[in-house]
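The file my_file09.txt comes next; it holds compact mmCIF, C-alpha atoms and all ligand atoms.
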```txt
# COMPACT_ATOMS: atom_id res chain seq x y z
CA MET A 856 255.72 127.06 101.30
CA THR A 857 255.36 128.28 104.89
CA TYR A 858 254.11 125.63 107.30
CA GLU A 859 252.16 126.88 110.29
CA ILE A 860 252.90 124.83 113.39
CA ALA A 861 250.29 125.12 116.16
CA THR A 862 252.53 124.99 119.23
CA LEU A 863 251.07 124.15 122.62
CA ARG A 864 253.62 124.03 125.45
CA GLY A 865 251.19 123.09 128.25
CA ASP A 866 252.17 122.45 131.89
CA GLY A 867 254.99 120.96 133.95
CA ILE A 868 258.08 120.32 131.83
CA GLY A 869 256.01 121.02 128.66
CA PRO A 870 257.25 124.61 128.15
CA GLU A 871 260.91 123.60 128.70
CA ILE A 872 260.92 120.68 126.28
CA VAL A 873 258.86 122.41 123.59
CA ASP A 874 261.15 125.45 123.70
CA GLU A 875 264.12 123.16 122.96
CA ALA A 876 262.29 121.42 120.11
CA VAL A 877 261.40 124.82 118.59
CA LYS A 878 265.02 125.96 119.03
CA VAL A 879 266.23 122.91 117.11
CA LEU A 880 263.54 123.27 114.41
CA ARG A 881 264.52 126.92 113.91
CA ALA A 882 268.15 125.84 113.43
CA VAL A 883 267.03 123.24 110.87
CA ALA A 884 264.98 125.86 109.00
CA GLU A 885 268.01 128.16 109.01
CA VAL A 886 270.33 125.67 107.32
CA VAL A 887 268.07 123.65 105.00
CA PRO A 888 267.08 125.76 101.99
CA GLY A 889 263.34 125.84 101.34
CA VAL A 890 262.23 125.03 104.90
CA ASP A 891 259.98 127.72 106.33
CA LEU A 892 258.24 127.06 109.65
CA GLU A 893 256.02 129.51 111.52
CA PHE A 894 255.24 128.71 115.16
CA THR A 895 251.95 129.93 116.63
CA LEU A 896 252.12 129.69 120.43
CA LEU A 897 248.83 128.58 121.97
CA GLU A 898 247.38 128.62 125.46
CA GLY A 899 245.94 125.61 127.25
CA GLY A 900 246.55 123.12 130.04
CA ALA A 901 245.87 122.45 133.72
CA ASP A 902 247.08 125.89 134.83
CA TYR A 903 244.86 127.47 132.18
CA TYR A 904 241.97 125.33 133.43
CA ALA A 905 242.53 126.48 137.03
CA ALA A 906 242.39 130.11 135.91
CA HIS A 907 239.63 129.96 133.28
CA GLY A 908 237.51 126.85 133.94
CA GLU A 909 238.25 125.35 130.51
CA LEU A 910 241.26 123.41 129.22
CA ALA A 911 241.96 125.66 126.26
CA PRO A 912 240.35 128.71 124.67
CA ALA A 913 238.42 128.37 121.41
CA THR A 914 241.30 130.02 119.51
CA THR A 915 243.61 127.15 120.50
CA TRP A 916 241.24 124.54 119.02
CA LYS A 917 240.66 126.70 115.92
CA THR A 918 244.38 127.19 115.28
CA MET A 919 245.09 123.49 115.85
CA GLU A 920 242.49 122.74 113.20
CA SER A 921 243.76 125.21 110.60
CA ALA A 922 247.52 124.72 111.14
CA HIS A 923 249.57 122.32 109.02
CA ALA A 924 250.61 120.33 112.11
CA ILE A 925 250.41 120.47 115.90
CA LEU A 926 253.42 120.32 118.23
CA PHE A 927 252.43 119.62 121.81
CA GLY A 928 254.42 119.34 125.06
CA SER A 929 252.52 117.92 128.01
CA MET A 930 249.64 118.75 130.32
CA GLY A 931 248.50 118.16 133.83
CA HIS A 932 249.29 118.73 137.46
CA PRO A 933 248.31 116.31 140.26
CA ASP A 934 246.76 119.17 142.29
CA ILE A 935 244.58 120.44 139.45
CA ARG A 936 241.80 117.98 138.71
CA MET A 937 238.94 117.86 136.25
CA PRO A 938 235.38 117.52 137.68
CA ASP A 939 235.59 113.71 137.38
CA GLY A 940 238.81 113.63 139.43
CA THR A 941 241.16 112.88 136.54
CA GLU A 942 244.04 115.03 135.25
CA ALA A 943 243.99 117.37 132.26
CA GLN A 944 246.20 115.55 129.74
CA GLY A 945 243.83 112.65 129.02
CA HIS A 946 240.87 114.97 128.44
CA PHE A 947 242.78 117.22 126.11
CA ILE A 948 244.37 114.45 124.06
CA VAL A 949 241.29 112.25 123.81
CA ASN A 950 239.24 115.27 122.69
CA ALA A 951 241.88 116.24 120.13
CA ARG A 952 241.99 112.67 118.77
CA LYS A 953 238.20 112.59 118.38
CA LYS A 954 237.87 116.14 117.02
CA PHE A 955 240.63 115.80 114.42
CA GLY A 956 240.25 112.07 113.63
CA LEU A 957 243.74 111.19 114.91
CA TYR A 958 243.24 107.44 114.76
CA ALA A 959 246.83 106.17 114.60
CA GLY A 960 248.96 106.57 117.73
CA VAL A 961 252.42 106.02 116.29
CA ARG A 962 255.21 105.20 118.77
CA PRO A 963 258.61 104.34 117.31
CA ILE A 964 260.85 102.37 119.67
CA LYS A 965 264.56 102.35 118.85
CA PHE A 966 267.91 102.99 120.49
CA TYR A 967 269.73 106.31 120.64
CA PRO A 968 273.36 106.57 121.76
CA GLY A 969 273.86 106.87 125.51
CA ALA A 970 270.51 105.28 126.33
CA LYS A 971 270.46 102.38 128.73
CA GLY A 972 267.64 100.02 127.87
CA LEU A 973 266.94 96.38 128.58
CA ASP A 974 269.00 95.10 125.63
CA PRO A 975 272.70 95.64 126.33
CA SER A 976 273.64 94.90 122.69
CA GLN A 977 271.29 97.74 121.58
CA LYS A 978 270.92 96.03 118.21
CA GLN A 979 267.71 94.13 118.67
CA VAL A 980 265.09 96.85 118.90
CA ASP A 981 263.68 98.83 116.01
CA LEU A 982 259.92 98.69 115.96
CA VAL A 983 256.88 100.94 115.76
CA LEU A 984 253.77 100.45 117.80
CA VAL A 985 250.59 101.72 116.13
CA ARG A 986 247.84 102.22 118.67
CA GLU A 987 244.23 102.63 117.51
CA SER A 988 243.42 105.94 119.18
CA THR A 989 239.76 106.79 118.73
CA GLU A 990 237.82 103.76 119.97
CA GLY A 991 238.54 100.52 121.88
CA LEU A 992 238.31 100.84 125.65
CA PHE A 993 238.72 104.63 125.40
CA ALA A 994 235.56 105.01 123.28
CA SER A 995 233.42 105.83 126.29
CA PHE A 996 236.02 108.15 127.85
CA GLY A 997 234.23 110.85 129.82
CA GLY A 998 230.96 108.94 129.58
CA GLY A 999 231.52 105.63 131.38
CA ALA A 1000 228.46 104.42 133.23
CA GLU A 1001 227.76 104.40 136.97
CA ILE A 1002 225.43 101.44 137.32
CA THR A 1003 224.59 101.32 141.03
CA GLY A 1004 227.10 103.52 142.84
CA GLU A 1005 229.02 100.33 143.63
CA VAL A 1006 229.33 99.14 140.03
CA TYR A 1007 230.82 101.04 137.07
CA ALA A 1008 231.28 100.17 133.40
CA ASP A 1009 233.31 101.30 130.39
CA THR A 1010 232.64 99.59 127.09
CA MET A 1011 235.05 98.30 124.45
CA ILE A 1012 233.98 99.56 121.03
CA ILE A 1013 235.55 98.09 117.90
CA THR A 1014 234.28 99.12 114.46
CA ARG A 1015 235.13 97.85 111.00
CA LYS A 1016 235.95 101.35 109.79
CA GLY A 1017 238.19 102.15 112.79
CA THR A 1018 240.04 98.83 112.54
CA GLU A 1019 240.46 98.92 108.77
CA ARG A 1020 242.00 102.37 108.72
CA VAL A 1021 244.48 101.71 111.53
CA ALA A 1022 245.45 98.32 110.06
CA ARG A 1023 245.97 99.94 106.66
CA TYR A 1024 248.11 102.61 108.30
CA ALA A 1025 250.27 99.88 109.88
CA PHE A 1026 250.84 98.05 106.58
CA GLU A 1027 251.59 101.25 104.67
CA LEU A 1028 254.07 102.16 107.42
CA ALA A 1029 255.72 98.73 107.16
CA ARG A 1030 256.29 99.40 103.44
CA THR A 1031 258.41 102.45 104.32
CA ARG A 1032 260.62 100.62 106.83
CA ASN A 1033 263.61 98.29 106.67
CA GLY A 1034 261.92 95.35 108.35
CA ARG A 1035 262.48 93.65 111.67
CA PRO A 1036 265.99 93.34 113.13
CA ARG A 1037 265.88 89.51 113.18
CA ASP A 1038 265.83 88.98 109.40
CA GLY A 1039 264.94 92.26 107.69
CA ALA A 1040 261.43 90.99 106.83
CA ARG A 1041 258.74 93.63 106.62
CA HIS A 1042 256.24 92.39 109.12
CA VAL A 1043 253.05 93.51 110.91
CA THR A 1044 251.83 91.88 114.13
CA CYS A 1045 248.24 92.30 115.32
CA VAL A 1046 248.17 92.30 119.13
CA ASP A 1047 244.76 91.38 120.52
CA LYS A 1048 242.85 89.08 122.86
CA ALA A 1049 240.82 87.36 120.17
CA ASN A 1050 240.54 84.13 122.14
CA ILE A 1051 238.36 85.77 124.82
CA PHE A 1052 236.58 88.90 123.55
CA ARG A 1053 234.17 89.00 120.60
CA SER A 1054 235.12 92.61 119.92
CA LEU A 1055 238.79 91.69 119.62
CA ALA A 1056 238.06 88.58 117.56
CA PHE A 1057 236.36 91.02 115.18
CA PHE A 1058 239.42 93.31 115.34
CA ARG A 1059 241.54 90.33 114.23
CA GLU A 1060 239.10 89.32 111.47
CA VAL A 1061 239.07 92.86 110.01
CA TYR A 1062 242.86 93.06 110.36
CA ASP A 1063 243.23 89.79 108.40
CA GLY A 1064 241.10 91.23 105.62
CA VAL A 1065 243.42 94.23 105.33
CA ALA A 1066 246.54 92.02 105.57
CA ALA A 1067 245.35 90.02 102.54
CA GLY A 1068 245.76 93.19 100.45
CA TYR A 1069 249.48 93.40 101.34
CA PRO A 1070 251.02 90.13 100.10
CA ASP A 1071 254.48 91.76 100.14
CA ILE A 1072 254.37 92.12 103.94
CA SER A 1073 254.27 89.16 106.31
CA SER A 1074 251.73 89.22 109.07
CA ASP A 1075 250.85 87.39 112.28
CA HIS A 1076 248.86 87.74 115.52
CA ALA A 1077 249.76 87.68 119.19
CA LEU A 1078 247.67 87.53 122.33
CA VAL A 1079 248.41 90.61 124.40
CA ASP A 1080 249.36 88.84 127.64
CA SER A 1081 252.02 86.50 126.27
CA PHE A 1082 253.02 89.19 123.78
CA ALA A 1083 254.02 91.49 126.68
CA MET A 1084 256.55 88.86 127.71
CA LEU A 1085 257.76 88.08 124.19
CA LEU A 1086 258.27 91.77 123.48
CA MET A 1087 260.70 91.95 126.40
CA GLN A 1088 262.44 88.67 125.52
CA HIS A 1089 262.54 88.89 121.71
CA PRO A 1090 262.03 92.46 120.49
CA GLU A 1091 264.00 91.55 117.34
CA ARG A 1092 260.98 89.58 116.09
CA TYR A 1093 258.89 92.72 115.65
CA ASP A 1094 258.70 95.45 113.03
CA VAL A 1095 255.24 97.12 113.14
CA LEU A 1096 252.65 96.33 115.82
CA VAL A 1097 249.00 97.29 115.63
CA THR A 1098 246.66 97.08 118.58
CA GLU A 1099 243.56 98.28 120.39
CA ASN A 1100 243.65 101.65 122.22
CA MET A 1101 244.12 100.53 125.85
CA PHE A 1102 246.57 97.74 124.99
CA GLY A 1103 248.56 100.28 122.97
CA ASP A 1104 248.56 102.75 125.85
CA ILE A 1105 250.16 100.19 128.17
CA LEU A 1106 252.42 98.43 125.68
CA SER A 1107 253.97 101.65 124.38
CA ASP A 1108 255.24 102.66 127.84
CA LEU A 1109 256.47 99.09 128.39
CA ALA A 1110 258.23 99.12 125.02
CA ALA A 1111 259.89 102.45 125.91
CA ALA A 1112 261.65 100.60 128.74
CA LEU A 1113 263.45 98.50 126.10
CA VAL A 1114 265.29 101.57 124.85
CA GLY A 1115 265.91 103.60 127.98
CA GLY A 1116 262.70 105.14 129.17
CA LEU A 1117 260.14 107.82 128.55
CA GLY A 1118 262.53 110.73 128.05
CA LEU A 1119 263.52 109.16 124.71
CA ALA A 1120 260.12 108.04 123.42
CA PRO A 1121 258.48 110.22 120.75
CA SER A 1122 254.95 109.86 119.42
CA GLY A 1123 252.59 111.11 116.76
CA ASP A 1124 248.79 111.09 116.78
CA ILE A 1125 248.04 110.86 113.10
CA GLY A 1126 244.87 111.08 111.03
CA ASP A 1127 244.04 111.56 107.37
CA ASP A 1128 244.00 115.38 107.56
CA HIS A 1129 245.60 116.37 110.86
CA ALA A 1130 248.43 115.23 113.08
CA MET A 1131 249.70 116.09 116.54
CA PHE A 1132 253.22 115.29 117.75
CA GLN A 1133 254.25 115.04 121.38
CA PRO A 1134 256.57 113.07 123.66
CA ALA A 1135 255.13 109.80 124.95
CA HIS A 1136 255.65 110.98 128.54
CA GLY A 1137 253.58 113.38 130.63
CA SER A 1138 254.25 116.65 132.45
CA ALA A 1139 256.70 115.22 135.06
CA PRO A 1140 255.78 117.78 137.75
CA ASP A 1141 258.56 116.47 140.04
CA ILE A 1142 261.24 118.00 137.82
CA ALA A 1143 259.29 120.88 136.23
CA GLY A 1144 260.89 124.32 136.17
CA GLN A 1145 264.35 122.98 137.04
CA ASP A 1146 265.82 122.77 133.53
CA ARG A 1147 266.43 119.05 134.15
CA ALA A 1148 264.04 117.39 131.71
CA ASN A 1149 265.27 115.41 128.74
CA PRO A 1150 263.93 117.07 125.58
CA VAL A 1151 264.94 114.20 123.25
CA ALA A 1152 261.44 112.67 123.06
CA THR A 1153 260.00 116.05 122.05
CA ILE A 1154 262.78 116.77 119.55
CA LEU A 1155 262.26 113.33 117.98
CA SER A 1156 258.51 114.00 117.88
CA ALA A 1157 259.34 117.20 115.97
CA ARG A 1158 261.35 115.04 113.56
CA MET A 1159 258.29 112.81 113.05
CA MET A 1160 256.31 115.99 112.33
CA LEU A 1161 258.75 117.04 109.60
CA ASP A 1162 258.59 113.54 108.12
CA TRP A 1163 254.77 113.53 108.13
CA LEU A 1164 254.62 116.99 106.53
CA ALA A 1165 257.21 115.94 103.93
CA ARG A 1166 255.12 112.92 102.85
CA ARG A 1167 251.85 114.82 102.93
CA HIS A 1168 253.13 117.72 100.84
CA ASP A 1169 255.70 115.73 98.86
CA ASP A 1170 258.33 118.21 100.02
CA ASP A 1171 261.97 117.17 99.53
CA ALA A 1172 263.27 120.08 101.63
CA LEU A 1173 261.30 118.81 104.62
CA ARG A 1174 262.56 115.28 103.95
CA ALA A 1175 266.12 116.60 104.13
CA ALA A 1176 265.21 118.54 107.28
CA ALA A 1177 263.87 115.42 109.02
CA ASP A 1178 266.99 113.49 108.07
CA LEU A 1179 269.31 116.26 109.31
CA LEU A 1180 267.43 116.47 112.61
CA GLU A 1181 267.71 112.72 113.18
CA ARG A 1182 271.45 112.70 112.38
CA SER A 1183 272.00 115.69 114.65
CA VAL A 1184 270.34 114.04 117.66
CA VAL A 1185 272.40 110.88 117.12
CA ALA A 1186 275.67 112.80 116.68
CA THR A 1187 275.02 114.98 119.74
CA MET A 1188 274.30 111.97 121.95
CA GLU A 1189 277.24 110.05 120.51
CA SER A 1190 279.51 112.91 121.51
CA GLY A 1191 278.49 112.23 125.13
CA ALA A 1192 276.24 115.27 125.51
CA LEU A 1193 273.48 113.81 127.69
CA THR A 1194 270.90 115.06 130.18
CA VAL A 1195 270.93 113.97 133.83
CA ASP A 1196 268.31 111.21 133.44
CA LEU A 1197 270.80 109.42 131.14
CA GLY A 1198 273.74 109.91 133.52
CA GLY A 1199 274.94 113.10 131.84
CA THR A 1200 275.30 116.60 133.22
CA LEU A 1201 273.57 118.84 130.68
CA PRO A 1202 270.51 120.88 131.62
CA CYS A 1203 267.58 120.65 129.22
CA SER A 1204 268.36 124.03 127.61
CA ARG A 1205 272.07 123.26 127.12
CA PHE A 1206 271.20 119.95 125.47
CA GLY A 1207 268.90 121.83 123.10
CA ASP A 1208 271.76 124.25 122.37
CA ALA A 1209 274.05 121.30 121.63
CA VAL A 1210 271.62 119.73 119.16
CA ALA A 1211 271.01 123.10 117.46
CA ALA A 1212 274.79 123.59 117.14
CA THR A 1213 275.15 120.10 115.61
CA VAL A 1214 272.34 120.90 113.17
CA ARG A 1215 274.27 123.98 112.02
CA GLU A 1216 277.53 122.03 111.78
CA LEU A 1217 276.13 119.05 109.86
CA GLY A 1218 273.92 121.33 107.78
CA ALA A 1219 276.95 123.39 106.72
CA GLU A 1220 278.86 120.18 105.80
CA THR A 1221 275.96 118.92 103.69
CA GLY A 1222 275.63 122.29 101.99
CA ARG A 1223 279.32 122.44 100.99
P1 LIG A 1301 250.98 110.94 132.14
O1 LIG A 1301 250.03 109.95 132.70
O2 LIG A 1301 250.51 112.35 132.18
O3 LIG A 1301 251.55 110.54 130.81
P2 LIG A 1301 253.03 109.70 133.64
O4 LIG A 1301 252.39 109.08 134.81
O5 LIG A 1301 253.39 108.85 132.46
O6 LIG A 1301 252.21 110.97 133.13
P3 LIG A 1301 255.29 111.33 133.51
O7 LIG A 1301 255.00 112.71 133.93
O8 LIG A 1301 255.32 111.05 132.07
O9 LIG A 1301 254.29 110.38 134.23
O10 LIG A 1301 256.69 110.88 134.04
C1 LIG A 1301 256.93 109.97 135.08
C2 LIG A 1301 258.33 110.29 135.65
O11 LIG A 1301 259.32 110.03 134.66
C3 LIG A 1301 258.45 111.78 135.93
O12 LIG A 1301 257.99 112.07 137.21
C4 LIG A 1301 259.93 112.04 135.73
O13 LIG A 1301 260.64 111.79 136.90
C5 LIG A 1301 260.30 111.05 134.64
N1 LIG A 1301 260.28 111.72 133.32
C6 LIG A 1301 259.26 111.77 132.44
N2 LIG A 1301 259.60 112.46 131.34
C7 LIG A 1301 260.86 112.87 131.52
C8 LIG A 1301 261.78 113.64 130.74
N3 LIG A 1301 261.48 114.15 129.54
N4 LIG A 1301 263.02 113.86 131.25
C9 LIG A 1301 263.37 113.36 132.44
N5 LIG A 1301 262.56 112.63 133.22
C10 LIG A 1301 261.31 112.39 132.78
```
Rewritten as C-alpha cells:
Amino acid sequence: MTYEIATLRGDGIGPEIVDEAVKVLRAVAEVVPGVDLEFTLLEGGADYYAAHGELAPATTWKTMESAHAILFGSMGHPDIRMPDGTEAQGHFIVNARKKFGLYAGVRPIKFYPGAKGLDPSQKQVDLVLVRESTEGLFASFGGGAEITGEVYADTMIITRKGTERVARYAFELARTRNGRPRDGARHVTCVDKANIFRSLAFFREVYDGVAAGYPDISSDHALVDSFAMLLMQHPERYDVLVTENMFGDILSDLAAALVGGLGLAPSGDIGDDHAMFQPAHGSAPDIAGQDRANPVATILSARMMLDWLARRHDDDALRAAADLLERSVVATMESGALTVDLGGTLPCSRFGDAVAATVRELGAETGR
C-alpha cells in the first residue's frame, strides 16, 4: 500500500528540519521491504500569509484531509502577525485540531544519547504527556471576549465527550508501554486543578469513570501546581499523563527540559481518523536558514507517524520501519554525531545524512 504523506514545511527552520525527516523516511522506505511513502509538498505559513492574505490555500487543507497522515514543520515569524496580533502557528494548529478532530496531543519525553537534561543519570525519565487538544482554555481561541476594553475573558470548556475520549486514549496508550521507570507499573496520572475549578473537578470525575474500565492500569490524580514540582523532582513516578489543553501546553515544554530541550521533543496531534506530526518546538527564526537546527524532534515525530500508521493499518512493514528509524537515531547519536545545540559540530543537513546512512547500514544488517 502507498501511504500519502501531506508534507507542510512552513516557515523559519521548518523547511530545513522537514527536509531531513523526509530524507530519513526515504532511506527507511528504501531498505524496509513493503514500505511505500509518497510525499505531497504543501504551501502554507506566515510567509504565505504575508503574500496571499490567508495561512494556507484550500488545496493544502484538502490534501491534509485526504492524506493518510500529515507531517508538519513549524510556522510563524515575529514580524508577520495575524489581525489579532498573534503569530501564525497557533492559528494553523488550533484550526487543524478542530477541523480534523485531533484531540490527543501526544508528547513522549525520554532520553536520547548525547542529550543533557536535568537528570544526570538519564535513567529516570520515560513518560508520555497526553494533552487534550480541542477544548479546555483553548476552546474560545480566536473568539475570546472583550468585555469593556479594559477587561477580557477566555472561557474554560470541559465536556464529557472530550474528556472521555482523551482519557481513553491515555489508558490505551499505557497498555502499549512498559510502565513507569520507578517500578515498571503501567500507570496514568490525571493532572488537574479539581480543588478549585468546577470544570476541572468534572474533568477528574469523567477521568475516574474511564479509569474504572481499566483495572489492569493503576491511576491517580495530581494538582497541576505541585505536580510541576514533582515532575522535576521525581519524573520516575510517571508513565502516562493526561491533562487539560493549557496545562498540557505548558507542562510539555517544561517536561522537555528534563531530557535536553525542545530540539529533541517530538509530538503527534492524534484523532480517530487523522493525525498530524510535528516537533514540539516552533520556527526558531533566530537560527533559520543557517543549517544549524536540530532535526531530531522532527525525525522522531516522523517515527511516531510510522507507528501510528502501522497500528491504524495493521501494517508490519511500517512497524519494522518505525523500529529501524528509532534505532538509527539512537545509534547515530551514540556515535557522537550531534548538532550544535547539543555541543556537537554537525549542521542540520549533515546530521540528516548521518541518520539516513545509519538507516541503510542497520537496514542492510537486519535484511541479511
Ligand atoms: P512557538 O511558540 O512557535 O512554539 P517558541 O516560543 O516555543 O515558538 P521556538 O521557536 O520553538 O520558540 O524556539 C525557541 C528557541 O529554541 C529558538 O529561538 C532556538 O534558539 C531554540 N530552538 C528551538 N528549536 C530548535 C531546534 N530544532 N534546534 C535548535 N534550536 C532550537
For this session: Residues within 8 Å of ligand LIG 1301 (chain A) should be enumerated using only C-alpha atoms and all ligand atoms and returned as an NGL selection string.
Result: :A and (868 or 872 or 929-931 or 942 or 944-945 or 1108 or 1117-1119 or 1134-1142 or 1147-1153 or 1195-1196)
Problem set entry | Selected residue of minimal separation from Ala1165 (chain A) among A:Asp1178, A:Asp1071, A:Glu987, A:Glu1099, counting all atoms listed in the file |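 Counting all atoms listed in the file, the residue closest to Ala1165 (chain A) is A:Asp1178.
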Exercise. Suppose you want the space between CA of Leu1197 (chain A) and CA of Leu1113 (chain A); what is it in Å?
Worked result: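 CA of Leu1113 (chain A) lies 14.1 Å from CA of Leu1197 (chain A).
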Problem set entry | Atom-to-atom span, CA of Gly1191 (chain A) and CA of Val1210 (chain A), Å |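 Calculated distance between CA of Gly1191 (chain A) and CA of Val1210 (chain A) is 11.8 Å.
We find CA of Gly956 (chain A) and CA of Asp1128 (chain A) to be spaced 7.9 Å apart.
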Exercise. Of the candidates A:Leu897, A:Leu1086, A:Leu1180, A:Ala1219, which shows the shortest atom-to-atom distance to Leu1109 (chain A), using all atoms listed in the file?
Worked result: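 With all atoms listed in the file as the atom set, the closest residue is A:Leu1086.
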Exercise. How would you write as a ChimeraX atom specification the residues that get within 6 Å of (241.8, 102.1, 124.8) in the file's frame, counting only C-alpha atoms?
Worked result: /A:991-993,1100-1101
Problem set entry | Within 7 Å of Asp891 (chain A) using only C-alpha atoms, minus same-chain residues under 5 positions, as JSON, numbers by chain | {"A": [856, 857, 858, 884]}
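Of the residues under consideration (A:Pro1036, A:Ile860, A:Met1011, A:Lys917), A:Met1011 shows the shortest atom-to-atom contact distance to Arg1053 (chain A) when counting all atoms listed in the file.
Proximity of A:Thr895, A:Ser995, A:Ser1156, A:Ser1204 to Ile1125 (chain A), computed with only C-alpha atoms, is greatest for A:Ser1156.
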For this session: Can you pull out every residue within 10 Å of region 967-977 of chain A, counting all atoms listed in the file, but drop anything in the same chain fewer than 5 positions away, and send it as a VMD selection string?
Result: chain A and resid 1087 to 1090 1110 to 1116 1118 to 1119 1151 1184 to 1194 1196 to 1199
For this session: Please identify all polymer residues lying at most 12 Å from the point (258.9, 129.6, 113.5) (file coordinates), using all atoms listed in the file, and present the result as a PyMOL selection string.
Result: chain A and resi 857-862+874+876-885+890-896+926
If we count all atoms listed in the file, what is near Ile925 (chain A) at a cut-off of 9 Å, once residues fewer than 3 positions away on the same chain are taken out, given as a CSV table (one decimal) with C-alpha atoms, keeping the file's coordinate frame?
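Saved file part14.csv follows:
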```csv
chain,number,residue,atom,x,y,z
A,859,GLU,CA,252.2,126.9,110.3
A,860,ILE,CA,252.9,124.8,113.4
A,861,ALA,CA,250.3,125.1,116.2
A,862,THR,CA,252.5,125.0,119.2
A,863,LEU,CA,251.1,124.2,122.6
A,919,MET,CA,245.1,123.5,115.8
A,920,GLU,CA,242.5,122.7,113.2
A,922,ALA,CA,247.5,124.7,111.1
A,1129,HIS,CA,245.6,116.4,110.9
A,1130,ALA,CA,248.4,115.2,113.1
A,1131,MET,CA,249.7,116.1,116.5
A,1132,PHE,CA,253.2,115.3,117.8
A,1133,GLN,CA,254.2,115.0,121.4
A,1160,MET,CA,256.3,116.0,112.3
```
Write out as a Markdown table a residue-level contact list of region 1061-1089 of chain A versus region 1017-1020 of chain A with cut-off 12 Å: for each qualifying residue the closest pair of atoms and the distance in Å to one decimal, counting only C-alpha atoms, rows sorted by chain and residue number upward.
```
| residue | atom | partner | partner_atom | distance |
| --- | --- | --- | --- | --- |
| A:Val1061 | CA | A:Glu1019 | CA | 6.3 |
| A:Tyr1062 | CA | A:Glu1019 | CA | 6.5 |
| A:Asp1063 | CA | A:Glu1019 | CA | 9.5 |
| A:Gly1064 | CA | A:Glu1019 | CA | 8.3 |
| A:Val1065 | CA | A:Glu1019 | CA | 6.5 |
| A:Ala1066 | CA | A:Glu1019 | CA | 9.7 |
| A:Ala1067 | CA | A:Glu1019 | CA | 11.9 |
| A:Gly1068 | CA | A:Glu1019 | CA | 11.4 |
```
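Closest approach to Gly1207 (chain A) among A:Asp1009, A:Ala1049, A:Phe927, A:Ile1154 is made by A:Ile1154 (distances from only C-alpha atoms).
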Exercise. Using all atoms listed in the file, which of the listed residues (A:Arg1041, A:Arg952, A:His932, A:Arg986) sits closest to Glu1027 (chain A)?
Worked result: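 Of all the options, A:Arg1041 lies closest to Glu1027 (chain A).
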